[in-house]
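Chemist: Just passing along the structure, written as structure tokens.
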Amino acid sequence: MSQSGQILPHGRVLRYELHERLTHWTAAFSYIYLLLTGLAFYTPWLFWIAIALGGGQISRMLHPWAGLIFFLAVMKMYSMWAAQMRTTETDKAWWGAVGHYARNEDDKMPPAGRYNAGQKLLFWGFFWCSLLLLLTGAVLWFPEFIPWNLRFLRYTAVVIHPAAALLTIGLFLIHIYMSVFAERGAFGSVIRGDVSVEFAKRYHPGWYKEIVGESSTPRK
Ligand code: HEM
């Protein structure tokens with residue numbers, strides 16, 4: 001079976017294995033549903049979104065279940081990628097040089113591994129926000145189980161749940177911009193799984209070195 005980092009017969013590099021892509025799209029589709037229904041509950045101005053998605057009651061019923069699916073997908077991402085998302089010295093240098101990154105001067109950047117420091121920030125941001133969203137969402141889902149003397153938990157949940165959701169919206173917009181528009185070739189990696197060798201060399205030189213150095217024993 002092909003493994004991430006393996007050079008495929010047609011000369012491209014496998015970036016995401018099938019199970020990684022399936023997990024990613026489970027997170028992505030459940031998140032988009034949560035985002036749309038969550039916005040509809042947030043303000044009456046956007047309630048039309050819930051109507052368009054089948055009605056207020058259906059949206060209110062499905063939102064927490066989609067939340068559970070999203071949470072499980074993010075936990076699966078954690079089990080697959082957390083070890084590769086640890087901050088390294090290169091990441092600290094990467095943030096110091098982020099101005100070059102913004103100007104597309106990739107050759108002046110410290111060599112990112114499979115993930116650059118920005119991608120790691122996105123990953124941990126989604127990870128911690130999904131935990132917050134689950135905990136506060138559970139309180140909002142079953143408020144009747146919160147004893148009256150612990151009612152501060154309800155008030156806290158009402159504030160933290162949308163605050164964490166807003167944070168994820170910021171992360172999500174940056175993620176879409178960076179992965180679909182800024183880094184040409186990245187989108188194919190979550191569809192077909194592979195990227196060109198040039199892509200690996202340009203955006204993830206540290207990863208590229210591992211690939212060419214260890215292509216006979218591919219790195220997980
Ligand atoms: C329509 C929605 C989305 C699109 C089009 C999209 C696109 C992409 C692309 C193209 C990549 C590969 C980037 C690369 O390896 O260079 C990627 C990776 C990734 N995506 Fe998404 N994504 C979407 C939604 C989400 C959501 C909701 C999450 C939240 C958990 C997420 C989390 C990640 C993570 C953690 C990675 C690996 C690290 C990274 O590249 O930032 N994605 N996505």
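Just remember, in the structure tokens the first chain shown is A, the second B, etc., residues are 1-based per chain, and ligands are 1-based in the order shown.
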List the neighbours of range 98-108 of chain A out to 9 Å using only C-alpha atoms; skip same-chain residues closer than 5 positions along the sequence, and give me the result as a ChimeraX atom specification.

Modeler: /A:93,202-203

Chemist: For the selection you just gave me, I'd like the residues written to a file as a PDB file, in the first residue's frame, keeping C-alpha atoms.

Modeler:
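As a result, result09.pdb now contains:
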ATOM      1  CA  ALA A  93      12.595  30.573  12.447  1.00  0.00           C
ATOM      2  CA  ARG A 202       9.121  24.569  -3.125  1.00  0.00           C
ATOM      3  CA  TYR A 203       6.752  24.504  -0.128  1.00  0.00           C
TER       4      TYR A 203
END

Chemist: Give the residues close to ligand 1, within 9 Å, counting only C-alpha atoms and all ligand atoms; write them as number ranges by chain.

Modeler: A: 15-16, 21, 24-32, 70-71, 73-74, 77-78, 81, 85, 114-116, 118-127, 130, 168, 171-172, 175-181, 183-191, 195, 199-200, 203-204

Chemist: Please identify all polymer residues within 10 Å of Tyr155 in chain A, counting only C-alpha atoms, omitting same-chain residues fewer than 3 positions from it, and present them as an mmCIF file with all heavy atoms, in the first residue's frame.

Modeler:
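part-v7.cif was written with the following content:
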data_model
loop_
_atom_site.group_PDB
_atom_site.id
_atom_site.type_symbol
_atom_site.label_atom_id
_atom_site.label_comp_id
_atom_site.auth_asym_id
_atom_site.auth_seq_id
_atom_site.Cartn_x
_atom_site.Cartn_y
_atom_site.Cartn_z
ATOM 1 N N THR A 136 -18.736 22.847 25.470
ATOM 2 C CA THR A 136 -19.793 23.847 25.625
ATOM 3 C C THR A 136 -21.056 23.404 24.872
ATOM 4 O O THR A 136 -22.171 23.644 25.327
ATOM 5 C CB THR A 136 -19.322 25.218 25.110
ATOM 6 O OG1 THR A 136 -18.814 25.048 23.775
ATOM 7 C CG2 THR A 136 -18.238 25.800 25.991
ATOM 8 N N VAL A 139 -23.204 21.104 26.959
ATOM 9 C CA VAL A 139 -24.004 21.836 27.952
ATOM 10 C C VAL A 139 -25.253 22.424 27.280
ATOM 11 O O VAL A 139 -26.364 22.349 27.819
ATOM 12 C CB VAL A 139 -23.155 22.962 28.604
ATOM 13 C CG1 VAL A 139 -24.019 23.842 29.503
ATOM 14 C CG2 VAL A 139 -21.993 22.369 29.376
ATOM 15 N N LEU A 140 -25.069 22.962 26.069
ATOM 16 C CA LEU A 140 -26.209 23.571 25.365
ATOM 17 C C LEU A 140 -27.177 22.508 24.837
ATOM 18 O O LEU A 140 -28.359 22.761 24.653
ATOM 19 C CB LEU A 140 -25.705 24.425 24.198
ATOM 20 C CG LEU A 140 -24.801 25.601 24.578
ATOM 21 C CD1 LEU A 140 -24.232 26.279 23.338
ATOM 22 C CD2 LEU A 140 -25.563 26.608 25.417
ATOM 23 N N LEU A 150 -25.121 24.915 39.429
ATOM 24 C CA LEU A 150 -23.983 25.007 38.481
ATOM 25 C C LEU A 150 -24.391 25.773 37.220
ATOM 26 O O LEU A 150 -23.811 25.602 36.154
ATOM 27 C CB LEU A 150 -23.506 23.599 38.088
ATOM 28 C CG LEU A 150 -22.855 22.754 39.190
ATOM 29 C CD1 LEU A 150 -22.452 21.394 38.632
ATOM 30 C CD2 LEU A 150 -21.627 23.461 39.764
ATOM 31 N N ARG A 151 -25.402 26.654 37.377
ATOM 32 C CA ARG A 151 -25.943 27.315 36.180
ATOM 33 C C ARG A 151 -24.918 28.218 35.501
ATOM 34 O O ARG A 151 -25.066 28.541 34.331
ATOM 35 C CB ARG A 151 -27.216 28.093 36.496
ATOM 36 C CG ARG A 151 -27.052 29.208 37.502
ATOM 37 C CD ARG A 151 -28.408 29.741 37.911
ATOM 38 N NE ARG A 151 -28.309 30.784 38.913
ATOM 39 C CZ ARG A 151 -28.115 30.575 40.211
ATOM 40 N NH1 ARG A 151 -27.969 29.345 40.664
ATOM 41 N NH2 ARG A 151 -28.041 31.596 41.062
ATOM 42 N N PHE A 152 -23.834 28.603 36.240
ATOM 43 C CA PHE A 152 -22.790 29.406 35.583
ATOM 44 C C PHE A 152 -22.217 28.657 34.372
ATOM 45 O O PHE A 152 -21.743 29.274 33.420
ATOM 46 C CB PHE A 152 -21.672 29.776 36.579
ATOM 47 C CG PHE A 152 -20.762 28.632 36.907
ATOM 48 C CD1 PHE A 152 -19.591 28.421 36.181
ATOM 49 C CD2 PHE A 152 -21.084 27.730 37.916
ATOM 50 C CE1 PHE A 152 -18.757 27.355 36.461
ATOM 51 C CE2 PHE A 152 -20.255 26.662 38.210
ATOM 52 C CZ PHE A 152 -19.094 26.463 37.479
ATOM 53 N N VAL A 158 -22.811 29.580 26.773
ATOM 54 C CA VAL A 158 -23.470 30.475 25.806
ATOM 55 C C VAL A 158 -22.465 31.474 25.222
ATOM 56 O O VAL A 158 -22.567 31.882 24.066
ATOM 57 C CB VAL A 158 -24.649 31.229 26.495
ATOM 58 C CG1 VAL A 158 -25.137 32.381 25.653
ATOM 59 C CG2 VAL A 158 -25.786 30.258 26.773
ATOM 60 N N VAL A 159 -21.452 31.843 26.027
ATOM 61 C CA VAL A 159 -20.454 32.815 25.541
ATOM 62 C C VAL A 159 -19.318 32.111 24.792
ATOM 63 O O VAL A 159 -18.904 32.526 23.705
ATOM 64 C CB VAL A 159 -19.876 33.628 26.735
ATOM 65 C CG1 VAL A 159 -18.767 34.562 26.268
ATOM 66 C CG2 VAL A 159 -20.989 34.405 27.419
ATOM 67 N N ILE A 160 -18.822 30.997 25.400
ATOM 68 C CA ILE A 160 -17.622 30.355 24.831
ATOM 69 C C ILE A 160 -17.931 29.645 23.501
ATOM 70 O O ILE A 160 -17.105 29.637 22.590
ATOM 71 C CB ILE A 160 -17.015 29.320 25.828
ATOM 72 C CG1 ILE A 160 -16.654 30.012 27.142
ATOM 73 C CG2 ILE A 160 -15.794 28.619 25.237
ATOM 74 C CD1 ILE A 160 -15.446 30.897 27.104
#

Chemist: Step one, run DSSP on the backbone; step two, keep only residues of chain A assigned to strand (DSSP E or B); then write them as a list of chain:residue names.

Modeler: A:Ile7, A:Val13, A:Leu14, A:Asp194, A:Val195

Chemist: Just to be explicit: take each residue in the selection above, keep N, CA and C atoms, and write the result as a PDB file, in the first residue's frame.

Modeler:
ATOM      1  N   ILE A   7       7.286   8.140  -3.584  1.00  0.00           N
ATOM      2  CA  ILE A   7       7.245   8.595  -4.971  1.00  0.00           C
ATOM      3  C   ILE A   7       6.468   7.553  -5.767  1.00  0.00           C
ATOM      4  N   VAL A  13       4.436  12.728  -5.885  1.00  0.00           N
ATOM      5  CA  VAL A  13       4.673  12.291  -4.510  1.00  0.00           C
ATOM      6  C   VAL A  13       3.337  12.159  -3.784  1.00  0.00           C
ATOM      7  N   LEU A  14       3.151  11.052  -3.083  1.00  0.00           N
ATOM      8  CA  LEU A  14       1.903  10.889  -2.323  1.00  0.00           C
ATOM      9  C   LEU A  14       1.974  11.768  -1.073  1.00  0.00           C
ATOM     10  N   ASP A 194      -1.916  13.213  -4.397  1.00  0.00           N
ATOM     11  CA  ASP A 194      -0.505  13.465  -4.700  1.00  0.00           C
ATOM     12  C   ASP A 194      -0.204  14.929  -5.031  1.00  0.00           C
ATOM     13  N   VAL A 195       1.080  15.254  -4.990  1.00  0.00           N
ATOM     14  CA  VAL A 195       1.558  16.581  -5.410  1.00  0.00           C
ATOM     15  C   VAL A 195       2.759  16.356  -6.340  1.00  0.00           C
TER      16      VAL A 195
END

Chemist: Write out as a ChimeraX atom specification each polymer residue whose atoms come within 9 Å of Ala50 in chain A, counting only C-alpha atoms; drop sequence neighbours fewer than 4 positions from it.

Modeler: /A:36-41,46,54-60

Chemist: From the options A:Gly193, A:Pro162, A:Pro64, A:Ala52, which residue's atoms come nearest to Ala138 in chain A, counting only C-alpha atoms?

Modeler: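 Residue with the minimum atom-to-atom distance to Ala138 in chain A: A:Pro64.
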
Chemist: Hey, can you check how far CA of Lys92 in chain A sits from CA of Ala165 in chain A?

Modeler: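 Separation of CA of Lys92 in chain A and CA of Ala165 in chain A: 27.1 Å.
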
Chemist: Go through A:His19, A:Leu35, A:Ser2, A:Leu132 and flag the residue nearest Ser79 in chain A, using only C-alpha atoms for the distances.

Modeler: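 Going through A:His19, A:Leu35, A:Ser2, A:Leu132 one by one, the smallest distance to Ser79 in chain A is for A:His19.
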